[in-house]
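Taking it in order: structure first as structure tokens, then the write-up.
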Amino acid sequence: MRGGSTMESQTQILTVLVLYLSFLVGFGVYQGRKAKSGKDFAIAGRRLPGWVAALSERATGESAWALLGLPGLAYAAGLSAIWVAVGCVAGIVTAWAVFAGRLRKEAETYDARTFVDYIAKRHSEAEKWIRLLGSVTIVFFFFFYVGAQFIGGGKTLNVLFGVDPKVGMLITAMIILPYTVLGGLQSVAYTDTVQAIVMILTLTIAPIVGIIYIANHPGLFASSVTEALKLAGPKYSTILGGLAGTSALIFIIAEFSWFFGYLGGMPQLSIRFMAIKDEENAKLARNVGIGWTILAYIGALMIGWIGIAIFGPQGLADRENVMPSVMLKLFPPAIAAVFITGAIAAMLSTADSLLILSATELSENILKPFLGETDERRSLRISRLSTVALALLALVTAYLVPTKLIYTIVGYTWAGIGDTFSVIVILTLFWKRFHGRAVPPTIITGLLFTVFWISSGLDEKVSARLMTFIVTAVVAVIATYLLKPKERPTS
């Protein structure tokens, strides 16, 4: 390992991690002091600069996936990992190009504070049911999602420093809670921006250094990415991973189907679109979001393939260690530590965003209707208390509930939440006939169908991400025609 012993690199990583996270918490607390109302907490007062909204949305959307998951997939699957990247990039680009500006405008028109608040106000004839069903669904799924991030943080600290995973989970929670509770989205958006900058630096610098490194070190598995994929065999060097016919088609559809969840249906991403300050900033945000995504995905794939060139296809026991392993080969430990720390911090940027989303949906749409009229200061206090309560419950759940069950529930989220709400958002924005009474049956169908499809094992044959989108869309259209709207005309 370049730059010294494992012990030395571990010490340097720990030092960088402590400094980086201290800065992050301090910066988050500083930004959080600007939150003076429930609106600031839930949607950053709808005053986010375009570049902040874009980088925050990207850090939340990618988390550890771009730095650990996708390079790991590229290392394990070779060239065929491109299909997941194509599906995700196409979805993200479509979200920024088609949905971001419209959702920002709609949030302003309806003075929406949360994702469900917007859908409920837009479809006022079924407002009560939409608030209840939408918020309960999102809070339930994202509650487990937060627990999964705590588990991930504990696991990472265990692998890097030998910290007991349960202690690691507690440390993870203690890092994000101060600034998240203080400032809500106001804090989280700015800390996420720092993460997104570190992530893009990692994903652009490392591939360039990696290509030079493998070309100048003759003793490695291969001296170029092309050679590495060829030497690893047809599973790695072909775009379909050696598959043909029906199995190749099923593979492409399953991998590309990530596309559908990005079409306005992931609340933690859409709330960023809704929080952008004005139209000019929305255009800037679109350009930053799309540019960041294309660079990041190319970089993530390249890191995985450079890993094959350095270690060989069987050289690493855990494929998700490819990014840290490559960093420690390419850079002195202190620089590698910054990039590896970025991966840990990226996990936190997802945890804090999911926590804020759950807490604001809970406080704005479930608690406040019961508590009656509240002023802005009380509204802020309720949001903060909801955040603390949810974080503590998620932490206890992560300790007590089997990890497998938590990850199973998280597995339903992309299809059950992402695809279901994507259908609702698409029809709300682009089909005048679609009305509020069709929304509750659409939500219920999306959830029940996802659980049925995945638990029956059919997901192995045809992706739930595709099937939920299709089935939910069909139900939404049928419900629109069968159920008559109460208050407004159908044209």
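Labeling convention for the structure tokens: chains A, B, ... as they appear, residues from 1 per chain, ligands from 1 in order of appearance.
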
Using only C-alpha atoms, which protein or nucleic acid residues come within 9 Å of Tyr412 in chain A? Drop anything in the same chain fewer than 5 positions from it, and give the result as a VMD selection string. chain A and resid 141 407 417 447 450 to 451 454 464

Export of prior selection with C-alpha atoms as a CSV table (one decimal), in the first residue's frame:
```csv
chain,number,residue,atom,x,y,z
A,141,PHE,CA,-41.0,3.6,4.6
A,407,TYR,CA,-33.5,-3.9,4.2
A,417,ILE,CA,-42.9,5.2,-3.1
A,447,LEU,CA,-47.9,-0.1,-2.2
A,450,THR,CA,-45.1,-3.7,-4.8
A,451,VAL,CA,-45.2,-5.8,-1.6
A,454,ILE,CA,-41.4,-8.5,-4.6
A,464,ALA,CA,-41.0,-4.4,-9.6
```

Compare A:Ala254, A:Ser456, A:Arg381, A:Leu160 by their minimum atom-to-atom distance to Leu17 in chain A, counting only C-alpha atoms, and give me the closest one.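 Closest to Leu17 in chain A, using only C-alpha atoms: A:Leu160.
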
Find the spatial neighbours of Val439 in chain A, counting only C-alpha atoms, within a cut-off of 9 Å - ignore same-chain residues fewer than 6 positions away - and output them as a list of chain:residue names.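 Neighbouring residues, sequence-local ones excluded: A:Ile119, A:His123, A:Ala126, A:Trp129, A:Ile130, A:Ile424, A:Ala476, A:Ala479, A:Thr480.
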
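Each of A:Lys155, A:Lys329, A:Arg465, A:Arg378 was checked against Ser9 in chain A using only C-alpha atoms; the smallest atom-to-atom distance is that of A:Lys329.
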
Write out as an mmCIF file with C-alpha atoms, in the first residue's frame the residues lying within 10 Å of range 133-138 of chain A, counting only C-alpha atoms and excluding same-chain residues fewer than 3 positions away.
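Generated file (result.cif):
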```
data_model
loop_
_atom_site.group_PDB
_atom_site.id
_atom_site.type_symbol
_atom_site.label_atom_id
_atom_site.label_comp_id
_atom_site.auth_asym_id
_atom_site.auth_seq_id
_atom_site.Cartn_x
_atom_site.Cartn_y
_atom_site.Cartn_z
ATOM 1 C CA THR A 114 -43.960 19.352 1.908
ATOM 2 C CA PHE A 115 -44.274 16.922 -0.997
ATOM 3 C CA VAL A 116 -47.628 15.532 0.215
ATOM 4 C CA ASP A 117 -48.808 19.043 1.125
ATOM 5 C CA ILE A 119 -50.342 16.954 -3.865
ATOM 6 C CA ALA A 120 -53.095 17.483 -1.249
ATOM 7 C CA LYS A 128 -57.814 14.842 3.890
ATOM 8 C CA TRP A 129 -57.287 11.305 2.506
ATOM 9 C CA ILE A 130 -54.268 12.300 0.444
ATOM 10 C CA PHE A 141 -41.024 3.554 4.617
ATOM 11 C CA PHE A 142 -38.564 6.367 5.198
ATOM 12 C CA PHE A 143 -38.460 5.620 8.903
ATOM 13 C CA MET A 266 -39.013 10.425 -4.740
ATOM 14 C CA PRO A 267 -40.123 13.010 -2.123
ATOM 15 C CA LEU A 354 -34.741 11.166 4.886
ATOM 16 C CA LEU A 357 -38.586 14.455 5.050
ATOM 17 C CA SER A 358 -40.236 11.990 7.465
ATOM 18 C CA ALA A 359 -40.356 14.518 10.310
ATOM 19 C CA THR A 360 -41.886 17.310 8.226
ATOM 20 C CA GLU A 361 -44.485 15.016 6.631
ATOM 21 C CA LEU A 362 -45.359 13.774 10.132
ATOM 22 C CA SER A 363 -45.578 17.210 11.735
ATOM 23 C CA GLU A 364 -47.189 19.131 8.829
ATOM 24 C CA ASN A 365 -49.738 16.556 7.622
ATOM 25 C CA ILE A 366 -50.478 14.262 10.575
ATOM 26 C CA THR A 413 -39.264 1.971 -1.320
ATOM 27 C CA GLY A 416 -43.646 1.465 -3.726
ATOM 28 C CA ILE A 417 -42.927 5.161 -3.145
ATOM 29 C CA PHE A 421 -45.757 8.972 -6.650
ATOM 30 C CA VAL A 439 -55.093 9.682 -5.908
ATOM 31 C CA PRO A 440 -55.889 7.504 -2.812
ATOM 32 C CA PRO A 441 -56.611 4.305 -4.820
ATOM 33 C CA ILE A 443 -51.316 5.173 -3.596
ATOM 34 C CA ILE A 444 -52.902 2.030 -2.103
ATOM 35 C CA LEU A 447 -47.942 -0.068 -2.224
#
```

Step one, run DSSP on the backbone; step two, keep only residues of range 107-262 of chain A assigned to helix (DSSP H, G or I); then write them as number ranges by chain. A: 107-109, 115-122, 124-161, 165-183, 185-215, 225-232, 234-237, 245-262

Using only C-alpha atoms, can you tell me which of A:Val84, A:Ile382, A:Leu395, A:Ala35 comes closest to Lys368 in chain A?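 Looking only at the distances to Lys368 in chain A, the closest residue turns out to be A:Ile382.
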
Nearest to Trp83 in chain A, restricted to only C-alpha atoms and choosing among A:Gly241, A:Gln10, A:Gly299, A:Val181, comes out as A:Gly241

Distance query Leu70 in chain A at most 12 Å, only C-alpha atoms, self and fewer than 5 positions along chain excluded, as an MDAnalysis selection string: chainID A and resid 62:65 75:86 88 203 296:305 319:323

Interface rows for range 360-426 of chain A against range 36-45 of chain A: nearest pair, Å to one decimal, 6 Å, only C-alpha atoms, as CSV:
```
residue,atom,partner,partner_atom,distance
A:Thr360,CA,A:Ala42,CA,5.7
A:Glu376,CA,A:Ser37,CA,4.9
A:Arg377,CA,A:Ser37,CA,5.6
A:Ser379,CA,A:Gly38,CA,4.9
A:Leu380,CA,A:Gly38,CA,4.1
```

Selected residues written out with N, CA and C atoms, as a short mmCIF file (atom, residue, chain, number, x, y, z; two decimals), in the first residue's frame:
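Result written to again33.cif:
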```
data_model
loop_
_atom_site.label_atom_id
_atom_site.label_comp_id
_atom_site.auth_asym_id
_atom_site.auth_seq_id
_atom_site.Cartn_x
_atom_site.Cartn_y
_atom_site.Cartn_z
N THR A 360 -41.02 16.22 8.69
CA THR A 360 -41.89 17.31 8.23
C THR A 360 -43.23 16.78 7.71
N GLU A 376 -45.95 30.21 13.51
CA GLU A 376 -44.71 29.69 12.89
C GLU A 376 -43.70 29.18 13.92
N ARG A 377 -43.61 29.84 15.05
CA ARG A 377 -42.63 29.41 16.06
C ARG A 377 -43.02 28.05 16.66
N SER A 379 -44.91 25.90 15.17
CA SER A 379 -44.77 24.98 14.05
C SER A 379 -43.32 24.47 13.96
N LEU A 380 -42.37 25.38 14.16
CA LEU A 380 -40.94 25.02 14.13
C LEU A 380 -40.62 24.07 15.28
#
```

For a test of reading the model, state the distance in Å between CA of Leu67 in chain A and CA of Leu393 in chain A, rounded to one decimal.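 Separation between CA of Leu67 in chain A and CA of Leu393 in chain A: 28.1 Å.
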
Can you tell me which residues surround Ile171 in chain A at a distance of at most 9 Å, considering only C-alpha atoms, apart from same-chain residues fewer than 5 positions away, and format the answer as a PyMOL selection string? chain A and resi 150+153-154+166+176

Can you write just those residues out, C-alpha atoms, as a CSV table (one decimal), in the first residue's frame?
```csv
chain,number,residue,atom,x,y,z
A,150,PHE,CA,-27.7,4.2,10.7
A,153,GLY,CA,-22.8,4.1,9.1
A,154,GLY,CA,-22.2,1.6,11.9
A,166,LYS,CA,-23.9,-0.7,17.5
A,176,ILE,CA,-26.5,14.2,12.1
```

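By chain and then residue number, the residues within 10 Å of Leu429 in chain A are Phe99, Arg102, Leu103, Glu106, Arg122, Ile424, Val425 and Phe434 of chain A, counting only C-alpha atoms and disregarding those fewer than 4 positions away in sequence.
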
Save the residues we just selected, all heavy atoms, as a PDB file, in the first residue's frame?
```
ATOM      1  N   PHE A  99     -39.246  18.072 -14.850  1.00  0.00           N
ATOM      2  CA  PHE A  99     -40.073  18.208 -13.635  1.00  0.00           C
ATOM      3  C   PHE A  99     -39.648  19.330 -12.692  1.00  0.00           C
ATOM      4  O   PHE A  99     -40.493  19.928 -12.033  1.00  0.00           O
ATOM      5  CB  PHE A  99     -40.078  16.876 -12.857  1.00  0.00           C
ATOM      6  CG  PHE A  99     -40.792  15.780 -13.579  1.00  0.00           C
ATOM      7  CD1 PHE A  99     -40.105  14.916 -14.412  1.00  0.00           C
ATOM      8  CD2 PHE A  99     -42.164  15.609 -13.439  1.00  0.00           C
ATOM      9  CE1 PHE A  99     -40.764  13.909 -15.108  1.00  0.00           C
ATOM     10  CE2 PHE A  99     -42.834  14.605 -14.129  1.00  0.00           C
ATOM     11  CZ  PHE A  99     -42.130  13.758 -14.961  1.00  0.00           C
ATOM     12  N   ARG A 102     -41.235  22.859 -13.172  1.00  0.00           N
ATOM     13  CA  ARG A 102     -42.694  22.804 -12.970  1.00  0.00           C
ATOM     14  C   ARG A 102     -43.049  22.631 -11.497  1.00  0.00           C
ATOM     15  O   ARG A 102     -43.972  23.266 -10.984  1.00  0.00           O
ATOM     16  CB  ARG A 102     -43.283  21.643 -13.791  1.00  0.00           C
ATOM     17  CG  ARG A 102     -43.357  21.933 -15.284  1.00  0.00           C
ATOM     18  CD  ARG A 102     -43.897  20.725 -16.045  1.00  0.00           C
ATOM     19  NE  ARG A 102     -44.155  21.036 -17.452  1.00  0.00           N
ATOM     20  CZ  ARG A 102     -43.237  20.932 -18.408  1.00  0.00           C
ATOM     21  NH1 ARG A 102     -42.011  20.547 -18.112  1.00  0.00           N
ATOM     22  NH2 ARG A 102     -43.543  21.223 -19.666  1.00  0.00           N
ATOM     23  N   LEU A 103     -42.326  21.739 -10.811  1.00  0.00           N
ATOM     24  CA  LEU A 103     -42.619  21.515  -9.385  1.00  0.00           C
ATOM     25  C   LEU A 103     -42.299  22.757  -8.553  1.00  0.00           C
ATOM     26  O   LEU A 103     -42.999  23.060  -7.589  1.00  0.00           O
ATOM     27  CB  LEU A 103     -41.852  20.291  -8.864  1.00  0.00           C
ATOM     28  CG  LEU A 103     -42.454  18.933  -9.246  1.00  0.00           C
ATOM     29  CD1 LEU A 103     -41.510  17.799  -8.865  1.00  0.00           C
ATOM     30  CD2 LEU A 103     -43.813  18.706  -8.578  1.00  0.00           C
ATOM     31  N   GLU A 106     -45.236  25.096  -9.119  1.00  0.00           N
ATOM     32  CA  GLU A 106     -46.440  24.586  -8.446  1.00  0.00           C
ATOM     33  C   GLU A 106     -46.356  24.804  -6.927  1.00  0.00           C
ATOM     34  O   GLU A 106     -47.332  25.178  -6.297  1.00  0.00           O
ATOM     35  CB  GLU A 106     -46.600  23.080  -8.743  1.00  0.00           C
ATOM     36  CG  GLU A 106     -46.919  22.775 -10.188  1.00  0.00           C
ATOM     37  CD  GLU A 106     -48.410  22.794 -10.475  1.00  0.00           C
ATOM     38  OE1 GLU A 106     -49.136  21.918  -9.981  1.00  0.00           O
ATOM     39  OE2 GLU A 106     -48.856  23.705 -11.199  1.00  0.00           O
ATOM     40  N   ARG A 122     -53.123  20.557  -4.322  1.00  0.00           N
ATOM     41  CA  ARG A 122     -53.404  20.528  -5.769  1.00  0.00           C
ATOM     42  C   ARG A 122     -54.696  19.766  -6.061  1.00  0.00           C
ATOM     43  O   ARG A 122     -55.403  20.069  -7.018  1.00  0.00           O
ATOM     44  CB  ARG A 122     -52.212  19.856  -6.473  1.00  0.00           C
ATOM     45  CG  ARG A 122     -52.286  19.786  -7.975  1.00  0.00           C
ATOM     46  CD  ARG A 122     -52.039  21.146  -8.609  1.00  0.00           C
ATOM     47  NE  ARG A 122     -51.600  21.023  -9.986  1.00  0.00           N
ATOM     48  CZ  ARG A 122     -52.366  20.677 -11.009  1.00  0.00           C
ATOM     49  NH1 ARG A 122     -53.644  20.417 -10.803  1.00  0.00           N
ATOM     50  NH2 ARG A 122     -51.879  20.592 -12.231  1.00  0.00           N
ATOM     51  N   ILE A 424     -48.399   9.691  -9.960  1.00  0.00           N
ATOM     52  CA  ILE A 424     -49.283  10.764  -9.475  1.00  0.00           C
ATOM     53  C   ILE A 424     -48.782  12.141  -9.926  1.00  0.00           C
ATOM     54  O   ILE A 424     -49.553  12.976 -10.398  1.00  0.00           O
ATOM     55  CB  ILE A 424     -49.423  10.697  -7.929  1.00  0.00           C
ATOM     56  CG1 ILE A 424     -50.209   9.433  -7.549  1.00  0.00           C
ATOM     57  CG2 ILE A 424     -50.108  11.942  -7.376  1.00  0.00           C
ATOM     58  CD1 ILE A 424     -50.112   9.045  -6.085  1.00  0.00           C
ATOM     59  N   VAL A 425     -47.463  12.360  -9.810  1.00  0.00           N
ATOM     60  CA  VAL A 425     -46.890  13.656 -10.203  1.00  0.00           C
ATOM     61  C   VAL A 425     -47.018  13.875 -11.716  1.00  0.00           C
ATOM     62  O   VAL A 425     -47.414  14.957 -12.170  1.00  0.00           O
ATOM     63  CB  VAL A 425     -45.406  13.760  -9.752  1.00  0.00           C
ATOM     64  CG1 VAL A 425     -44.717  14.964 -10.390  1.00  0.00           C
ATOM     65  CG2 VAL A 425     -45.314  13.862  -8.233  1.00  0.00           C
ATOM     66  N   PHE A 434     -57.105  14.256 -14.722  1.00  0.00           N
ATOM     67  CA  PHE A 434     -56.738  13.558 -13.473  1.00  0.00           C
ATOM     68  C   PHE A 434     -57.181  14.398 -12.279  1.00  0.00           C
ATOM     69  O   PHE A 434     -56.948  15.603 -12.227  1.00  0.00           O
ATOM     70  CB  PHE A 434     -55.224  13.336 -13.437  1.00  0.00           C
ATOM     71  CG  PHE A 434     -54.740  12.510 -12.280  1.00  0.00           C
ATOM     72  CD1 PHE A 434     -55.131  11.192 -12.125  1.00  0.00           C
ATOM     73  CD2 PHE A 434     -53.871  13.053 -11.334  1.00  0.00           C
ATOM     74  CE1 PHE A 434     -54.677  10.427 -11.061  1.00  0.00           C
ATOM     75  CE2 PHE A 434     -53.406  12.294 -10.266  1.00  0.00           C
ATOM     76  CZ  PHE A 434     -53.826  10.982 -10.139  1.00  0.00           C
TER      77      PHE A 434
END
```
